[in-house]
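Below is one structure, written out as structure tokens, with a few remarks after it.
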Amino acid sequence: MGAPRTKEKNLWDLFITSPVAGPLATMIVIWVVFSLFVPHFASMRSVSGIINAATLTGMVTIGVTMLMISGEFDLSVGSLVAIGAYGFAFGTVFWHSPLLGIVLGLFIPAILGAINGLIFVGTGIPSFIVTLGTLYIYRGAVWLLSGGQLIQTLERPLVYQIFNGRLDVVNNLIPGANFRTSLLWLLGMTALFQYILTRTAYGNHVFAVGGNPLGALAQGVNVRRVKVINFIISGTLAGLTGILLFSQYRSVRVATGAGMELSAIAAAVVGGTLLTGGAGSIWGALLGALLISTLRTGVILMNIPFIPADNFEAVVGVTIIGAVILNNWLRSRG
Amino acid sequence: MKSRFILAVFVLSLLAIIAVACAPAATPTPTPVPAKPTEAKPTPTQAKEMAPTPTPKEEKPAAAAPEEKRLKIIMVQHALCAWDSFWCTVEQGAKDAAAAMNVDLTILGPDKFDLEKTAALIDQAVAANPDGLAVTVTDPKLFKDPIMRALDAGIPVVGYNAGSGPEKDGIPYLTYIGQDEYQGGYQGGKRLIAAGAKKGVCINHQVGHAGLDARCNGFIDAFKEAGLEAEVLAITNDPAESQTIIDDYYTAHPDVDAFLTLGPNGANPFYAFVEARGLKPGDILHGTFDLSPEIEAHIKDGLTLFGIDQQPYLQGFGSVMWLTLVKRYGIMPALPVTPTGPGFVTKENVGVKPQPDKPLKLMFVQHALCAWDSFWCVVEKGIDVAAKQLNVDYTVLGPDKFDLEKTAALIDQAVAAKPDGLAVTVTDPKLFKDPIMRAIEAGIPVVGYNAGSGPEKDGIPYLTYIGMDEYQGGYQGGKRMIAAGAKKGVCINHQVGHAGLDARCNGFIDAFKEAGLEAEVLAITNDPAESQTIIDDYYTAHPDVNAFLTLGPNGANPFYAFMEARGLKAGDVIHGTFDLSPEIVAHVEDGTTLFAIDQQPFLQGYLSVVTLTLLQRQNISPALPVTPTGPGFVDKSNIALVKALAGTYR
Amino acid sequence: MAAEIARARSSAFHRVRQRLAEYPEAVAFISFLLIFVFFSLANENFLTPISISNILTFGSITGIVVVGVAMLMISGEFDLSVGSTFAVASYVFALTLNAGVPPVLSLLLALLVSLLLGAVNGLIVVYTRIPSFIATLGTMLAYRGIARAIGHGKFATYKGEHLFLFDVLNGSLDWLNHLFTPPAIFRLSIVWFFLIALGMTYVLLRTRYGNWVFATGGNRLGAYAQGVPVHKVLLVNFMLTGFLAGLAGVIQFAHRTSVDPLRGAGMELIAVAACVIGGVLLTGGYGTILGAVIGILTIQMLDQGLVLMQVPIQVFQAFVGLLIITAVVSNRYLARFAE
């Protein structure tokens, strides 16, 4: 998977065997169809809207995908998003220190991610259960940390602009566009982790650990270390998501991020990541998040009478199943 | 491997210890985080209650004062501050009230919107056998059973925030403390239409929540009535997604120009949408429910037309307060609905910061004193209890005999002392208008209590009148007497010319007229011996009169003397009276007196303090021009409860 | 090192541990007892008829769902859509009743619909080979959409007179409740719950189908090889889970007679948590219905107990999380001595 092949090989074959093929193909088809038939869809406004709606889920999905490729789950990310946002908010709002905010917002989730990993490797119980447990525990921790209070601020310090400000350089060039710096963070992290995954030894280890743990062990890969690191990555990116969320909306409450764990898994799987591990890509995960977001936008813009504006989540559910069926079909052909 | 395992166990036990250690401590006072302006500062505690207050009259503590009994009150609500910031203010109000009133408070709610779980929580709360239970009556049908179980177990229940009152909900709880959701949406819609709205959308962050749905229905109905269109748009828990959903909707429906959000959770992504689109105030119309720092900022800059404030602080505060009053003093809410809103917060009145610790000096000017009319001892007790609980200073002023001119002068003297709040008995609106206007012009908030008819009828723009609806009291009393067999009635007025007493008699007479019967007024004097003779003479002249209404202990006292002198027994005549005294209680018990109409004087004093204090400290204004404290009927069915407290609290 | 310690321990202790390890529900049972004793000592209102009946009555509704989820998990699959199926069944029941359909018919209709929804889950999983986690995550959203669509996003409240059927499904056990003052709130749902749990335990342990379920979950390839109709087993289990979720919804409706569009949301993870606490293996092939039953009762007991102790609900969540991890860690600890 992802191993470089000879350049002479048919480009089509290369595409069809890549994990990105399914989501990309679906994406293209949907974009073409929507652009042709859905009013207002083919505009920079909806493009930027779709992307913005996918940034938070997308960022979480990167970490979750890394972990899923190595064969593990992280259900606690939703709670970690809230912890990250609170940490960042504490630093920037109460102590007026962007640095402290970033440190708290990234490190606390990272440490909690590490705890996930350590419990997992220490006890050997499935990560699904470990993180199902910590999902609840961390949410309780958010409550204790915050005293149950929401934090909201009206200030706009530079640090918020950096993490999730308006990207006016681009927006002024393209009429109707509304891109934000969070997009750069998302693309940056996607590129970074895609690079780590496909171009470094660590990336190979991640695939090996998820695809064939015994083989990996035999080849001298430190399976446990890889997994713990992936848990830390997943926690840190959840924290970063919290920072992005707070930077734009400047508001965090105890329930922030609730349910995001399932959205992230859905996005990863729609993006071609195998639930059993060993296969997947970060680009695919990003596409998965975008695909779900596109469907939602499309349904609202279509203005279908029998799908009222308050019932589009059902469409998302059907999309998930459809996309995974398509992925499997493509994979079986490739 | 082994060490890893030990590490994991260590981490787990650490977490466990933290959870256990923090949990109970966190219950009564969670770590205050200065996020909400209503937060941050500790509330007046019992320790502060010890601070000396200039009490005009020190009573010897009788046996054990009811204040000393610590009560356990549980609130069950369909949402929590933890995930819906609206509730932080409700919870703050409840916590402040609990701290002030020596109450153990537990607030329960599901961890996400889940009505079934909320219903189960009510049952679980009943199991804890609390002294009082406050419940959001979000789904009356679903909540009926559990609430009935609480009532059957003898636990007093009030509804708050969500509900329609005991009658409409079909559950005999005491009262509903909150705003009418439908009206909120409807009035909001009308304001938007008045501002030029052509097509509206109600942005609902929790479809399926009956209260929020009702707001949207009201909003949509307002548009329909005006011949315009409006619909509902559902958003999600993810602000980024929600922003895009609103954006897409606006793209698909560019003719929509009026947006209603149902709280901070909807307003937050809406503002992000407005900013992203580059919309300016005036491009679209926005109204929202509830307030947050962000919403207040946008009301100021004109983007948001209004925030519909249901005064959530008051919902929490009121719930704890009423349950405490019910349990400690047997005082009942006067009406099935105790409104807290809607109140519109607009550019004009936005953004007064709460000052929970603001020291206050309140002044009370009343036309009588405990010193010479025992009725007022109970009012003054109410003032004293509330002032101690809320840690405010107060002074009660009154003439040394009934003297309205002197009372008016006292108002002027009180204004000169520049109090933070003034409560006045509006006994004679004409005479008191000038001095009260001087107080209002000096920026002193004024409430009326015990005597008055509300700012509109009295023609004086004070905040609210806290007292009984006098006319209703007489009217309802007359109806009860007719039902008991009255043929001809007389209203014995011990203070003719007192607007309130006259209104009682008018109500009484109207009730008889409606039934095709006769009734009239008999004036008595301040001298009981004289009065007894007057009544006696009247009865001789009109032997067909069989229904007597007295307007308070001062009328009842000579009336009982008259009965004794004449040898009349219970059942020979029908007697009803206003107010309670030990004597009246005894006669209600033995059946001589059919009922006593209680205006709950304790509550008049108590609520005056609470209203002025909440206004000054929490920026909460009374929802209605009349805040009724009565009529509350005391008859054979509930006399035992009332008896124990008569004369002090009742 | 480890061996020395093991040897140093008395053989009696070792034997007890080995005995315990033979019962998947041992850990759940012990934690149940510990928590029970703790609350009994810590709060005077815990050992009261109201508290106990609260635990059983509320636990029984989720419990019926848990029985299905446990069967499915033993056969190695998930169902995240149970909460949504629960809501759909309640809506179908409510709406058909209000439309004047005879009560028994609308009951059957509601159960049929939930059976069908379960079958859809099963067919997707069996024929598309999508992991059930993903398939039912999708149908969770889709079925919730159905509940919203048929109910028009509004409450559905039964408007007619009280039905005898409601008493059959979930009547109040008044004769029992009035033995206590204040009266308890035991309901018939408890009886249904225990009957269903007993029935499923019988099926699982005493029938060929039960063996198939274990085989399907434990070693699917081996099961194929031995001629176990794996697909049929999975399909039946998904239908059973859907059916029980719908039945739980209908039983709850018989008590509450009103349903809102979000009813049952979040139930899916609580059900999985109950199974896991009760010793059901996430990977399938191992576990008991009894364990899952104890699991859900433990969670419900925590819920009630913490309310009595005046602990806020977020801390309840943390306790459930802690319980999940400690229960599974202890299970694994015991399992090492199973051989």
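In the structure tokens, the first chain shown is A, the next is B, and so on; residue numbers restart at 1 for each chain, and ligands run from 1 in the order shown.
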Practice task
Up to 10 Å from chain C, what residues of chain A turn up? Count only C-alpha atoms and give them as a ChimeraX atom specification.
Solution key: /A:119-120,122-126,128-144,148,254,259,262-263,265-266,269-270,274-276,306-308,310-322,324-329
Problem - stretch 168-185 of chain C environment, 7 Å, only C-alpha atoms, sequence neighbours closer than 6 positions dropped, as a PyMOL selection string - result: (chain B and resi 153) or (chain C and resi 49-50+53-54+251+254-255)
Practice task
Name the residues in contact with B:Ser374 at a cut-off of 9 Å, using only C-alpha atoms, excluding same-chain residues fewer than 3 positions from it; report them as a PyMOL selection string.
Solution key: chain B and resi 369-371+377-378+553+581+647
Let's have the selection written as a short mmCIF file (atom, residue, chain, number, x, y, z; two decimals), in the first residue's frame, with C-alpha atoms.
```cif
data_model
loop_
_atom_site.label_atom_id
_atom_site.label_comp_id
_atom_site.auth_asym_id
_atom_site.auth_seq_id
_atom_site.Cartn_x
_atom_site.Cartn_y
_atom_site.Cartn_z
CA LEU B 369 -46.00 49.96 61.45
CA CYS B 370 -45.76 46.71 63.38
CA ALA B 371 -45.67 48.91 66.47
CA CYS B 377 -45.15 42.75 61.89
CA VAL B 378 -45.37 40.02 59.30
CA PRO B 553 -57.83 41.77 61.90
CA SER B 581 -54.26 36.77 63.10
CA GLY B 647 -48.50 36.17 63.30
#
```
Using only C-alpha atoms, tabulate the residues of chain A lying at most 8 Å from any atom of chain B, each with its closest atom pair and that distance in Å to one decimal, by chain and increasing residue number, as a tab-separated table.
```
residue	atom	partner	partner_atom	distance
A:Pro39	CA	B:Ala252	CA	7.5
A:His40	CA	B:Thr251	CA	6.8
A:Ser46	CA	B:Asp248	CA	6.9
A:Gly49	CA	B:Thr244	CA	5.1
A:Ile50	CA	B:Thr244	CA	6.8
A:Asn52	CA	B:Ala240	CA	6.3
A:Ala53	CA	B:Glu241	CA	4.2
A:Ala54	CA	B:Glu241	CA	7.1
A:Thr55	CA	B:Ala240	CA	7.6
A:Leu56	CA	B:Ala240	CA	7.0
A:Ile115	CA	B:Val11	CA	7.9
A:Leu118	CA	B:Ala8	CA	6.6
A:Ile119	CA	B:Ala8	CA	5.2
A:Val121	CA	B:Arg4	CA	7.6
A:Gly122	CA	B:Phe5	CA	4.6
A:Thr123	CA	B:Phe5	CA	5.8
A:Trp143	CA	B:Ala82	CA	6.9
A:Leu144	CA	B:Cys22	CA	7.6
A:Ser146	CA	B:Val33	CA	6.9
A:Gly147	CA	B:Thr31	CA	4.8
A:Gly148	CA	B:Ala82	CA	4.8
A:Gln149	CA	B:Ala82	CA	6.4
A:Leu150	CA	B:Ser85	CA	6.0
A:Ile151	CA	B:Ala35	CA	4.8
A:Gln152	CA	B:Ala35	CA	6.2
A:Thr153	CA	B:Pro293	CA	7.2
A:Leu154	CA	B:Glu294	CA	6.3
A:Arg166	CA	B:Ala276	CA	8.0
A:Asn178	CA	B:Ala276	CA	6.2
A:Leu245	CA	B:Ala240	CA	7.9
A:Gln248	CA	B:Ala272	CA	7.8
A:Tyr249	CA	B:Asn268	CA	6.7
A:Ser251	CA	B:Asn268	CA	7.9
A:Arg253	CA	B:Trp83	CA	5.7
A:Val254	CA	B:Ala82	CA	4.7
A:Ala255	CA	B:Trp83	CA	4.5
A:Thr256	CA	B:Trp83	CA	7.3
A:Gly257	CA	B:Asp238	CA	6.9
A:Ala258	CA	B:Asn237	CA	7.7
A:Ser293	CA	B:Glu241	CA	7.9
A:Arg296	CA	B:Ile245	CA	7.8
A:Thr297	CA	B:Asp248	CA	6.2
A:Ile300	CA	B:Tyr249	CA	6.2
A:Leu301	CA	B:Ala252	CA	5.1
A:Met302	CA	B:Ala252	CA	7.6
A:Asn303	CA	B:Ala252	CA	7.2
A:Ala309	CA	B:Leu233	CA	5.2
A:Asp310	CA	B:Ala234	CA	4.3
A:Asn311	CA	B:Ala234	CA	7.4
```
Pull N, CA and C atoms from the residues just selected and write them as a short mmCIF file (atom, residue, chain, number, x, y, z; two decimals), in the first residue's frame.
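To be explicit, this is the file written out as out27.cif:
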```
data_model
loop_
_atom_site.label_atom_id
_atom_site.label_comp_id
_atom_site.auth_asym_id
_atom_site.auth_seq_id
_atom_site.Cartn_x
_atom_site.Cartn_y
_atom_site.Cartn_z
N PRO A 39 -28.59 24.72 -8.00
CA PRO A 39 -28.37 26.17 -8.14
C PRO A 39 -27.41 26.67 -7.06
N HIS A 40 -26.60 27.61 -7.42
CA HIS A 40 -25.64 28.28 -6.53
C HIS A 40 -24.49 27.38 -6.09
N SER A 46 -19.81 28.53 -2.07
CA SER A 46 -20.10 27.20 -1.53
C SER A 46 -18.82 26.40 -1.37
N GLY A 49 -17.41 27.48 1.80
CA GLY A 49 -18.28 27.03 2.88
C GLY A 49 -18.07 25.56 3.18
N ILE A 50 -18.01 24.76 2.13
CA ILE A 50 -17.81 23.32 2.30
C ILE A 50 -16.50 23.06 3.03
N ASN A 52 -14.77 25.17 4.95
CA ASN A 52 -14.80 25.65 6.34
C ASN A 52 -15.54 24.67 7.25
N ALA A 53 -16.65 24.15 6.74
CA ALA A 53 -17.43 23.23 7.58
C ALA A 53 -16.65 21.97 7.87
N ALA A 54 -15.70 21.63 6.98
CA ALA A 54 -14.95 20.38 7.16
C ALA A 54 -13.66 20.58 7.94
N THR A 55 -13.29 21.83 8.25
CA THR A 55 -11.96 22.01 8.86
C THR A 55 -11.85 21.34 10.22
N LEU A 56 -12.84 21.54 11.07
CA LEU A 56 -12.72 21.01 12.43
C LEU A 56 -12.72 19.49 12.41
N ILE A 115 -1.81 9.07 27.75
CA ILE A 115 -2.43 8.20 28.77
C ILE A 115 -3.28 7.13 28.08
N LEU A 118 -0.82 4.64 26.84
CA LEU A 118 -0.16 3.85 27.89
C LEU A 118 -1.14 2.84 28.49
N ILE A 119 -2.38 3.28 28.71
CA ILE A 119 -3.35 2.31 29.23
C ILE A 119 -3.49 1.16 28.23
N VAL A 121 -1.33 0.04 25.80
CA VAL A 121 -0.21 -0.92 25.72
C VAL A 121 0.04 -1.57 27.07
N GLY A 122 -0.27 -0.86 28.15
CA GLY A 122 -0.02 -1.41 29.48
C GLY A 122 -0.96 -2.55 29.81
N THR A 123 -2.20 -2.43 29.41
CA THR A 123 -3.18 -3.44 29.82
C THR A 123 -3.55 -4.37 28.68
N TRP A 143 -15.40 19.04 32.67
CA TRP A 143 -16.34 19.67 33.60
C TRP A 143 -15.62 20.17 34.83
N LEU A 144 -14.73 19.34 35.36
CA LEU A 144 -14.00 19.74 36.56
C LEU A 144 -13.07 20.90 36.26
N SER A 146 -13.34 23.18 34.01
CA SER A 146 -13.99 24.44 33.67
C SER A 146 -14.98 24.88 34.73
N GLY A 147 -15.24 24.03 35.70
CA GLY A 147 -16.29 24.36 36.65
C GLY A 147 -17.65 24.42 36.01
N GLY A 148 -17.76 23.83 34.83
CA GLY A 148 -19.05 23.82 34.15
C GLY A 148 -19.38 25.12 33.44
N GLN A 149 -18.44 26.06 33.45
CA GLN A 149 -18.76 27.37 32.87
C GLN A 149 -18.27 27.48 31.44
N LEU A 150 -19.02 28.24 30.67
CA LEU A 150 -18.57 28.51 29.30
C LEU A 150 -17.57 29.66 29.34
N ILE A 151 -16.63 29.63 28.41
CA ILE A 151 -15.73 30.77 28.27
C ILE A 151 -16.03 31.43 26.94
N GLN A 152 -16.30 32.71 26.98
CA GLN A 152 -16.51 33.43 25.74
C GLN A 152 -15.78 34.75 25.84
N THR A 153 -15.15 35.16 24.77
CA THR A 153 -14.46 36.44 24.79
C THR A 153 -14.83 37.21 23.54
N LEU A 154 -14.68 38.51 23.59
CA LEU A 154 -14.96 39.33 22.42
C LEU A 154 -13.66 39.86 21.81
N ARG A 166 -9.46 35.36 8.97
CA ARG A 166 -9.87 35.39 7.57
C ARG A 166 -8.63 35.47 6.69
N ASN A 178 -14.37 32.87 0.85
CA ASN A 178 -14.34 33.13 2.28
C ASN A 178 -13.44 32.09 2.93
N LEU A 245 -11.05 25.94 16.77
CA LEU A 245 -12.46 26.22 17.07
C LEU A 245 -12.58 27.49 17.90
N GLN A 248 -11.80 30.89 16.05
CA GLN A 248 -12.83 31.51 15.23
C GLN A 248 -14.06 31.89 16.04
N TYR A 249 -14.54 30.95 16.84
CA TYR A 249 -15.84 31.19 17.49
C TYR A 249 -15.69 31.81 18.87
N SER A 251 -15.54 30.83 21.75
CA SER A 251 -16.55 30.36 22.69
C SER A 251 -16.35 28.86 22.87
N ARG A 253 -17.72 25.48 25.42
CA ARG A 253 -18.52 25.00 26.55
C ARG A 253 -18.17 23.54 26.78
N VAL A 254 -18.70 22.96 27.84
CA VAL A 254 -18.28 21.62 28.22
C VAL A 254 -18.59 20.61 27.12
N ALA A 255 -19.70 20.81 26.40
CA ALA A 255 -20.09 19.82 25.40
C ALA A 255 -19.43 20.04 24.05
N THR A 256 -18.55 21.04 23.94
CA THR A 256 -17.89 21.29 22.67
C THR A 256 -17.23 20.00 22.17
N GLY A 257 -17.47 19.71 20.89
CA GLY A 257 -16.81 18.55 20.29
C GLY A 257 -17.51 17.22 20.54
N ALA A 258 -18.62 17.23 21.29
CA ALA A 258 -19.30 15.97 21.56
C ALA A 258 -19.78 15.34 20.26
N SER A 293 -19.23 16.97 3.94
CA SER A 293 -19.58 18.39 3.98
C SER A 293 -20.27 18.81 2.67
N ARG A 296 -23.87 17.71 2.48
CA ARG A 296 -24.74 18.52 3.33
C ARG A 296 -25.09 19.82 2.63
N THR A 297 -24.05 20.50 2.12
CA THR A 297 -24.27 21.75 1.40
C THR A 297 -25.20 21.53 0.20
N ILE A 300 -28.85 21.14 1.19
CA ILE A 300 -29.49 22.39 1.61
C ILE A 300 -29.75 23.29 0.41
N LEU A 301 -28.76 23.35 -0.50
CA LEU A 301 -28.92 24.23 -1.67
C LEU A 301 -30.00 23.70 -2.60
N MET A 302 -30.15 22.38 -2.68
CA MET A 302 -31.14 21.79 -3.59
C MET A 302 -32.55 22.15 -3.18
N ASN A 303 -32.73 22.33 -1.86
CA ASN A 303 -34.04 22.78 -1.41
C ASN A 303 -35.14 21.78 -1.77
N ALA A 309 -35.17 21.50 5.62
CA ALA A 309 -33.87 22.03 6.05
C ALA A 309 -33.48 21.54 7.43
N ASP A 310 -34.34 20.76 8.08
CA ASP A 310 -33.94 20.28 9.40
C ASP A 310 -33.72 18.77 9.42
N ASN A 311 -33.51 18.18 8.27
CA ASN A 311 -33.35 16.72 8.29
C ASN A 311 -32.29 16.23 7.30
#
```
Just asking: which residues within stretch 87-321 of chain C are helix (DSSP H, G or I) according to DSSP, as a short mmCIF file (atom, residue, chain, number, x, y, z; two decimals) with C-alpha atoms, in the first residue's frame?
```cif
data_model
loop_
_atom_site.label_atom_id
_atom_site.label_comp_id
_atom_site.auth_asym_id
_atom_site.auth_seq_id
_atom_site.Cartn_x
_atom_site.Cartn_y
_atom_site.Cartn_z
CA ALA C 87 -37.19 6.12 18.29
CA VAL C 88 -38.62 4.93 14.95
CA ALA C 89 -40.55 2.12 16.65
CA SER C 90 -41.95 4.53 19.24
CA TYR C 91 -43.04 6.91 16.48
CA VAL C 92 -44.64 4.17 14.40
CA PHE C 93 -46.51 2.95 17.47
CA ALA C 94 -47.61 6.47 18.47
CA LEU C 95 -48.62 7.63 15.00
CA THR C 96 -50.53 4.49 14.05
CA LEU C 97 -52.35 4.51 17.39
CA ASN C 98 -53.36 8.12 16.85
CA PRO C 103 -53.67 -1.27 19.21
CA VAL C 104 -52.42 -4.80 18.69
CA LEU C 105 -51.96 -4.14 14.99
CA SER C 106 -49.97 -0.97 15.58
CA LEU C 107 -47.85 -2.84 18.10
CA LEU C 108 -47.12 -5.50 15.49
CA LEU C 109 -46.46 -2.81 12.91
CA ALA C 110 -43.96 -1.05 15.17
CA LEU C 111 -42.18 -4.33 15.91
CA LEU C 112 -42.22 -5.28 12.23
CA VAL C 113 -40.64 -1.96 11.28
CA SER C 114 -37.88 -2.39 13.86
CA LEU C 115 -37.35 -5.94 12.64
CA LEU C 116 -37.00 -4.57 9.12
CA LEU C 117 -34.56 -1.87 10.16
CA GLY C 118 -32.49 -4.55 11.87
CA ALA C 119 -32.68 -6.63 8.72
CA VAL C 120 -31.42 -3.70 6.63
CA ASN C 121 -28.42 -3.41 8.95
CA GLY C 122 -27.83 -7.14 8.63
CA LEU C 123 -28.15 -7.17 4.85
CA ILE C 124 -25.75 -4.27 4.45
CA VAL C 125 -23.18 -5.94 6.69
CA VAL C 126 -23.56 -9.41 5.18
CA TYR C 127 -23.72 -8.46 1.51
CA THR C 128 -21.44 -5.43 1.28
CA SER C 132 -20.89 -3.23 11.09
CA PHE C 133 -19.46 -0.31 13.04
CA ILE C 134 -19.53 1.86 9.91
CA ALA C 135 -22.72 0.42 8.45
CA THR C 136 -24.70 1.03 11.63
CA LEU C 137 -23.05 4.43 12.14
CA GLY C 138 -24.57 5.33 8.79
CA THR C 139 -27.95 3.82 9.55
CA MET C 140 -27.91 5.48 12.97
CA LEU C 141 -28.05 8.85 11.20
CA ALA C 142 -30.44 7.59 8.53
CA TYR C 143 -32.92 5.99 10.94
CA ARG C 144 -32.86 9.08 13.11
CA GLY C 145 -33.81 10.94 9.94
CA ILE C 146 -36.73 8.53 9.45
CA ALA C 147 -37.91 9.18 13.01
CA ARG C 148 -37.76 12.90 12.37
CA ALA C 149 -39.42 12.64 8.99
CA ILE C 150 -42.40 10.52 10.04
CA PHE C 164 -55.19 -2.30 28.20
CA LEU C 165 -52.29 -3.03 25.87
CA PHE C 166 -50.22 -0.41 27.70
CA ASP C 167 -50.78 -2.32 30.93
CA VAL C 168 -49.70 -5.54 29.29
CA LEU C 169 -46.58 -3.94 27.88
CA ASN C 170 -45.56 -1.82 30.80
CA ASP C 174 -49.46 -1.42 41.78
CA TRP C 175 -50.00 -4.33 44.16
CA LEU C 176 -46.26 -4.41 44.73
CA ASN C 177 -45.72 -0.66 44.76
CA LEU C 188 -43.93 -4.65 34.17
CA SER C 189 -40.95 -3.73 31.98
CA ILE C 190 -38.75 -5.31 34.66
CA VAL C 191 -40.52 -8.63 34.18
CA TRP C 192 -40.20 -8.40 30.39
CA PHE C 193 -36.55 -7.55 30.75
CA PHE C 194 -35.78 -10.55 32.92
CA LEU C 195 -37.88 -12.88 30.78
CA ILE C 196 -36.08 -11.75 27.63
CA ALA C 197 -32.71 -12.03 29.34
CA LEU C 198 -33.56 -15.53 30.55
CA GLY C 199 -34.86 -16.55 27.13
CA MET C 200 -31.79 -15.30 25.34
CA THR C 201 -29.53 -16.93 27.91
CA TYR C 202 -31.29 -20.22 27.17
CA VAL C 203 -30.92 -19.72 23.42
CA LEU C 204 -27.28 -18.86 23.81
CA LEU C 205 -26.31 -21.70 26.11
CA ARG C 206 -28.72 -24.51 25.34
CA ARG C 208 -27.56 -25.08 18.47
CA TYR C 209 -28.19 -21.50 17.43
CA GLY C 210 -26.34 -20.35 20.53
CA ASN C 211 -23.36 -22.41 19.55
CA TRP C 212 -23.46 -20.87 16.10
CA VAL C 213 -23.47 -17.39 17.62
CA PHE C 214 -20.35 -18.16 19.64
CA ALA C 215 -18.69 -19.80 16.65
CA THR C 216 -19.52 -16.87 14.37
CA GLY C 217 -18.02 -14.42 16.81
CA GLY C 218 -15.07 -16.47 17.97
CA ARG C 220 -15.53 -16.93 11.73
CA LEU C 221 -13.41 -18.89 9.26
CA GLY C 222 -13.57 -21.94 11.45
CA ALA C 223 -17.32 -21.49 11.69
CA TYR C 224 -17.61 -21.39 7.91
CA ALA C 225 -15.52 -24.52 7.71
CA VAL C 230 -22.64 -17.50 9.40
CA HIS C 231 -24.58 -15.08 7.20
CA LYS C 232 -27.88 -16.35 8.49
CA VAL C 233 -26.69 -16.06 12.08
CA LEU C 234 -25.57 -12.47 11.57
CA LEU C 235 -28.76 -11.51 9.80
CA VAL C 236 -30.90 -13.06 12.52
CA ASN C 237 -28.87 -11.36 15.22
CA PHE C 238 -29.19 -7.95 13.57
CA MET C 239 -32.92 -8.50 13.22
CA LEU C 240 -33.10 -9.60 16.83
CA THR C 241 -31.23 -6.48 17.97
CA GLY C 242 -33.49 -4.24 15.90
CA PHE C 243 -36.54 -6.07 17.22
CA LEU C 244 -35.48 -5.75 20.85
CA ALA C 245 -34.61 -2.08 20.37
CA GLY C 246 -38.06 -1.53 18.89
CA LEU C 247 -39.70 -3.56 21.64
CA ALA C 248 -37.91 -1.48 24.26
CA GLY C 249 -39.14 1.66 22.51
CA VAL C 250 -42.72 0.39 22.44
CA ILE C 251 -42.56 -0.68 26.09
CA GLN C 252 -41.26 2.69 27.09
CA PHE C 253 -43.97 4.40 25.06
CA ALA C 254 -46.59 2.32 26.85
CA HIS C 255 -45.40 3.99 30.04
CA ARG C 256 -44.68 7.52 28.84
CA MET C 267 -28.18 4.64 23.91
CA GLU C 268 -25.82 2.84 21.51
CA LEU C 269 -22.64 3.61 23.43
CA ILE C 270 -24.22 2.97 26.83
CA ALA C 271 -25.34 -0.44 25.53
CA VAL C 272 -21.82 -1.25 24.32
CA ALA C 273 -20.43 -0.03 27.65
CA ALA C 274 -22.84 -2.27 29.57
CA CYS C 275 -21.78 -5.31 27.54
CA VAL C 276 -18.11 -4.54 27.95
CA ILE C 277 -18.45 -4.04 31.71
CA ILE C 289 -26.28 -12.19 28.69
CA LEU C 290 -26.14 -12.26 32.48
CA GLY C 291 -22.95 -10.22 32.40
CA ALA C 292 -24.50 -7.61 30.15
CA VAL C 293 -27.56 -7.47 32.42
CA ILE C 294 -25.36 -6.89 35.45
CA GLY C 295 -23.45 -4.32 33.41
CA ILE C 296 -26.50 -2.19 32.65
CA LEU C 297 -27.80 -2.52 36.21
CA THR C 298 -24.42 -1.37 37.53
CA ILE C 299 -24.50 1.69 35.28
CA GLN C 300 -28.07 2.45 36.32
CA MET C 301 -27.14 1.99 39.95
CA LEU C 302 -24.25 4.44 39.60
CA ASP C 303 -26.66 6.85 38.00
CA GLN C 304 -29.17 6.70 40.86
CA GLY C 305 -26.54 6.48 43.57
CA LEU C 306 -24.65 9.55 42.40
CA VAL C 307 -27.89 11.52 42.17
CA LEU C 308 -28.54 10.64 45.80
CA ILE C 313 -23.93 14.30 36.03
CA GLN C 314 -20.59 14.90 34.30
CA VAL C 315 -18.90 13.09 37.12
CA PHE C 316 -21.29 10.21 36.57
CA GLN C 317 -19.89 9.96 33.04
CA ALA C 318 -16.37 9.88 34.39
CA PHE C 319 -17.35 7.07 36.74
CA VAL C 320 -18.84 5.05 33.90
CA GLY C 321 -15.64 5.56 31.93
#
```
